[in-house]
Every structure is written in structure tokens, then in C-alpha cells.
Amino acid sequence: MSDFDAVKIGLVSVSDRASSGVYQDQGIPALQAWLVRAIKNPITWATRLIPDDAPGISATLIELVDAEHCDLVLTTGGTGPAPRDVTPEATLAVAHKEMPGFGEQMRQISLRFVPTAILSRQVAVIRGKALVINLPGQPKSIAETLEGLPSANPPAHGIFAAVPYCIDLIGGPYLETDEAVCKAFRPKSAVRVR
């Protein structure tokens, strides 16, 4: 039995080609590998590999939050400017609140590597008591945006540092992180003493 709250995480890889078997999905395995290193809590997974279809993406997000009761849902893929990239629109369509800082920070991190980061349209939203975040499609970019660039000059905070406190504020479980991977930030008054 763990001393940490259980958390349910939904992972959605949005790709026409991976969902039809043209190539192996890399998004979900990359997300799971990073999250297992970063989070100390026991995790239950709900994973979905789906095509780039706005109604299908929205329906999947609603299912993961409303029926599966995920506390956190992370998507990967479908956030560029191409006609089939509709993940942000599908995510905003099911939102109760938008959380623009997550997308802004992801683009700031990615801009340190490629000028085309400005073409990325990731968004984050709250639906009910769940945080839903669109992440980039490439495993390397996923890790960079989640973890940040702590050794860069100047360092860049990863978005995951703010995820546990956001989940606290919306009534979810208390997430604890491995500080060697990603230190969760909370105000002192919100830190749970063990």
C-alpha cells in the first residue's frame, strides 16, 4: 500500500497513420516512461490511440474525464497548422476553463531549439476536476516541455512543475514528484507535510 494518493492518467495519441497501423505509436510509450520516472504516486492508465478527427478527439476526452474519471489527461499529436491537425480545437470544445500558460510555456521551451515552435498550437484546459494538456508529437519535445531545461542558461521551467498544484486547486489527488526529474512547485501553505 502506497502512502501517496492514487492518480488516474489518460494518455491520448492523435495520429491518422499510427492509429491505422502505418507505423508504431511513440507518443504514449514516451509519455508513460517520463511520467513513471517523475511521479511517485501509484498510477492507473487509460490509453487511447485515435485518428485526427475533431469529434472523435472531443468524445475521447469527454469519456476519459467524465466516465473514466481521469485526474490528468495528456494528448500528443495534432497540434500543428496542417488541415488534419485539430487537437486544440477538439480540446477547447470540451473545456470548462482554458489554461493558456501551459501552451505559452511549451512554445517558449521549444523555441530554444527550432524557430518553427511558433507553429505549435498546444492548449490546456480544465474539464470538471481534470486537467487536459495537449503536448507536442515528438518524444524528445514531450520530455523537454514537461521537464524543462534546468541546465540551460537561463534555465526554463517545464510545465509539469505546475501540474500538481493545478490538480490540487481543482480538487484532484495530491501528486508528488521525484525532484531529480521534476520538482513540483506549490506555495508553502499548500505543501503536505509527511
# chains A, B, ... in the order shown; residues from 1 in each chain; ligands from 1
>>> closest_atom_pairs(of="region 83-120 of chain A", to="region 44-60 of chain A", cutoff="7 Å", atoms="only C-alpha atoms", output="tab-separated table")
residue	atom	partner	partner_atom	distance
A:Arg84	CA	A:Asp52	CA	5.9
A:Asp85	CA	A:Asp52	CA	6.5
A:Val86	CA	A:Ala54	CA	5.7
A:Thr87	CA	A:Ala54	CA	6.6
A:Ala90	CA	A:Ser58	CA	4.9
A:Thr91	CA	A:Ser58	CA	6.1
A:Ala93	CA	A:Ser58	CA	6.9
A:Val94	CA	A:Ser58	CA	6.3
>>> write_last_selection(atoms="N, CA and C atoms", output="PDB file, in the first residue's frame")
ATOM      1  N   ARG A  84      -5.357  18.527 -41.060  1.00  0.00           N
ATOM      2  CA  ARG A  84      -5.828  17.444 -40.176  1.00  0.00           C
ATOM      3  C   ARG A  84      -5.438  17.657 -38.715  1.00  0.00           C
ATOM      4  N   ASP A  85      -4.677  18.694 -38.387  1.00  0.00           N
ATOM      5  CA  ASP A  85      -4.270  18.974 -37.004  1.00  0.00           C
ATOM      6  C   ASP A  85      -5.393  19.736 -36.291  1.00  0.00           C
ATOM      7  N   VAL A  86      -6.213  18.983 -35.556  1.00  0.00           N
ATOM      8  CA  VAL A  86      -7.408  19.581 -34.939  1.00  0.00           C
ATOM      9  C   VAL A  86      -7.497  19.306 -33.433  1.00  0.00           C
ATOM     10  N   THR A  87      -6.414  18.822 -32.839  1.00  0.00           N
ATOM     11  CA  THR A  87      -6.463  18.508 -31.406  1.00  0.00           C
ATOM     12  C   THR A  87      -6.797  19.730 -30.545  1.00  0.00           C
ATOM     13  N   ALA A  90     -10.552  20.488 -30.796  1.00  0.00           N
ATOM     14  CA  ALA A  90     -11.342  19.444 -30.136  1.00  0.00           C
ATOM     15  C   ALA A  90     -11.234  19.542 -28.620  1.00  0.00           C
ATOM     16  N   THR A  91     -10.071  19.962 -28.133  1.00  0.00           N
ATOM     17  CA  THR A  91      -9.867  20.115 -26.688  1.00  0.00           C
ATOM     18  C   THR A  91     -10.633  21.321 -26.160  1.00  0.00           C
ATOM     19  N   ALA A  93     -13.235  22.580 -27.356  1.00  0.00           N
ATOM     20  CA  ALA A  93     -14.678  22.332 -27.478  1.00  0.00           C
ATOM     21  C   ALA A  93     -15.265  21.664 -26.237  1.00  0.00           C
ATOM     22  N   VAL A  94     -14.437  20.985 -25.441  1.00  0.00           N
ATOM     23  CA  VAL A  94     -14.953  20.274 -24.254  1.00  0.00           C
ATOM     24  C   VAL A  94     -14.508  20.948 -22.952  1.00  0.00           C
TER      25      VAL A  94
END
>>> select_by_dssp(residues="region 67-189 of chain A", states="strand (DSSP E or B)", output="number ranges by chain")
A: 72-76, 97-98, 124-127, 130-135, 148-149, 156-157, 177
>>> closest_atom_pairs(of="region 114-164 of chain A", to="region 28-34 of chain A", cutoff="9 Å", atoms="only C-alpha atoms", output="JSON lines")
{"residue": "A:Gln138", "atom": "CA", "partner": "A:Ala30", "partner_atom": "CA", "distance": 8.8}
{"residue": "A:Pro139", "atom": "CA", "partner": "A:Ala30", "partner_atom": "CA", "distance": 5.5}
{"residue": "A:Lys140", "atom": "CA", "partner": "A:Ala30", "partner_atom": "CA", "distance": 8.5}
{"residue": "A:Ile142", "atom": "CA", "partner": "A:Leu31", "partner_atom": "CA", "distance": 7.3}
{"residue": "A:Ala143", "atom": "CA", "partner": "A:Trp34", "partner_atom": "CA", "distance": 6.8}
{"residue": "A:Leu146", "atom": "CA", "partner": "A:Trp34", "partner_atom": "CA", "distance": 8.6}
{"residue": "A:Glu147", "atom": "CA", "partner": "A:Trp34", "partner_atom": "CA", "distance": 8.9}
>>> closest_residue(among="A:Arg17, A:Arg37, A:Lys97, A:His157", to="Ile126 (chain A)", atoms="only C-alpha atoms")
A:Lys97
>>> residues_around(residues="Leu169 (chain A)", least_positions_apart="3", cutoff="12 Å", atoms="only C-alpha atoms", output="list in words")
Asp71, Ile126, Gly128, Lys129, Ala130, Leu131, Ala162, Val163, Pro164, Tyr165, Cys166, Gly172, Pro173, Tyr174, Leu175, Arg186, Pro187 and Ala190 of chain A
>>> residues_around(residues="Phe4 (chain A)", least_positions_apart="3", cutoff="12 Å", atoms="only C-alpha atoms", output="list in words")
Met1, Val7, Ile39, Lys40, Asn41, Pro42, Ile43, Pro173, Tyr174, Leu175, Glu176, Thr177, Arg192 and Arg194 of chain A
>>> residues_around(residues="Ala38 (chain A)", least_positions_apart="2", cutoff="6 Å", atoms="only C-alpha atoms", output="list in words")
Leu35, Val36, Thr177, Asp178 and Val181 of chain A
>>> write_last_selection(atoms="N, CA and C atoms", output="short mmCIF file (atom, residue, chain, number, x, y, z; two decimals), in the first residue's frame")
data_model
loop_
_atom_site.label_atom_id
_atom_site.label_comp_id
_atom_site.auth_asym_id
_atom_site.auth_seq_id
_atom_site.Cartn_x
_atom_site.Cartn_y
_atom_site.Cartn_z
N LEU A 35 6.44 9.89 -17.20
CA LEU A 35 5.59 10.03 -16.02
C LEU A 35 5.95 9.03 -14.92
N VAL A 36 6.32 7.82 -15.30
CA VAL A 36 6.73 6.81 -14.30
C VAL A 36 7.98 7.27 -13.56
N THR A 177 6.28 14.40 -6.81
CA THR A 177 7.22 14.13 -7.89
C THR A 177 8.60 13.78 -7.36
N ASP A 178 9.35 13.11 -8.21
CA ASP A 178 10.76 12.85 -7.94
C ASP A 178 11.50 14.11 -8.36
N VAL A 181 13.81 14.49 -11.32
CA VAL A 181 13.23 14.57 -12.66
C VAL A 181 12.51 15.91 -12.84
#
>>> closest_residue(among="A:Ala152, A:Val132, A:Leu92, A:Val193", to="Leu11 (chain A)", atoms="only C-alpha atoms")
A:Val132
>>> closest_residue(among="A:Gly27, A:Pro83, A:Gly77, A:Pro154", to="Ser120 (chain A)", atoms="only C-alpha atoms")
A:Gly77
>>> select_by_dssp(residues="chain A", states="alpha helix (DSSP H)", output="number ranges by chain")
A: 16-19, 27-38, 54-62, 87-92, 100-111, 139-147, 163-169
>>> write_last_selection(atoms="C-alpha atoms", output="compact mmCIF listing (two decimals), in the first residue's frame")
# COMPACT_ATOMS: atom_id res chain seq x y z
CA ASP A 16 -4.12 9.04 -38.54
CA ARG A 17 -1.14 6.91 -39.52
CA ALA A 18 -0.32 5.37 -36.13
CA SER A 19 -3.98 4.61 -35.40
CA GLY A 27 3.73 9.17 -28.06
CA ILE A 28 2.05 7.00 -25.42
CA PRO A 29 5.21 4.99 -24.57
CA ALA A 30 7.23 8.24 -24.29
CA LEU A 31 4.63 9.80 -22.00
CA GLN A 32 4.38 6.72 -19.79
CA ALA A 33 8.16 6.41 -19.49
CA TRP A 34 8.53 10.05 -18.43
CA LEU A 35 5.59 10.03 -16.02
CA VAL A 36 6.73 6.81 -14.30
CA ARG A 37 10.08 8.49 -13.60
CA ALA A 38 8.53 11.78 -12.49
CA ALA A 54 -12.19 16.53 -34.06
CA PRO A 55 -15.47 14.88 -32.97
CA GLY A 56 -13.60 11.68 -32.09
CA ILE A 57 -10.95 13.56 -30.10
CA SER A 58 -13.60 15.52 -28.19
CA ALA A 59 -15.56 12.33 -27.47
CA THR A 60 -12.40 10.61 -26.22
CA LEU A 61 -11.57 13.49 -23.87
CA ILE A 62 -15.14 13.54 -22.51
CA THR A 87 -6.46 18.51 -31.41
CA PRO A 88 -6.55 22.06 -29.94
CA GLU A 89 -10.00 22.78 -31.39
CA ALA A 90 -11.34 19.44 -30.14
CA THR A 91 -9.87 20.11 -26.69
CA LEU A 92 -11.25 23.64 -26.43
CA PRO A 100 -3.23 29.40 -21.62
CA GLY A 101 0.03 29.49 -19.64
CA PHE A 102 0.78 25.83 -20.40
CA GLY A 103 0.79 26.32 -24.18
CA GLU A 104 2.72 29.58 -23.88
CA GLN A 105 5.48 27.91 -21.85
CA MET A 106 5.70 24.87 -24.14
CA ARG A 107 6.28 27.16 -27.11
CA GLN A 108 8.91 29.15 -25.19
CA ILE A 109 10.83 25.95 -24.41
CA SER A 110 10.61 24.63 -27.97
CA LEU A 111 11.67 27.98 -29.45
CA PRO A 139 9.11 12.13 -27.76
CA LYS A 140 12.13 14.45 -27.34
CA SER A 141 9.86 17.52 -27.35
CA ILE A 142 7.45 15.86 -24.93
CA ALA A 143 10.24 15.38 -22.36
CA GLU A 144 11.64 18.89 -22.89
CA THR A 145 8.28 20.61 -22.40
CA LEU A 146 7.33 18.50 -19.36
CA GLU A 147 10.71 18.63 -17.64
CA VAL A 163 0.63 20.40 -12.82
CA PRO A 164 0.42 19.01 -9.24
CA TYR A 165 -0.68 22.34 -7.74
CA CYS A 166 -3.18 22.91 -10.54
CA ILE A 167 -4.68 19.48 -9.81
CA ASP A 168 -4.79 20.38 -6.08
CA LEU A 169 -6.73 23.54 -6.89
>>> closest_residue(among="A:Arg112, A:Leu72, A:Phe160, A:Asp3", to="Val125 (chain A)", atoms="only C-alpha atoms")
A:Leu72
>>> atom_distance(atom1="CA of Val191 (chain A)", atom2="CA of Pro155 (chain A)")
23.8 Å
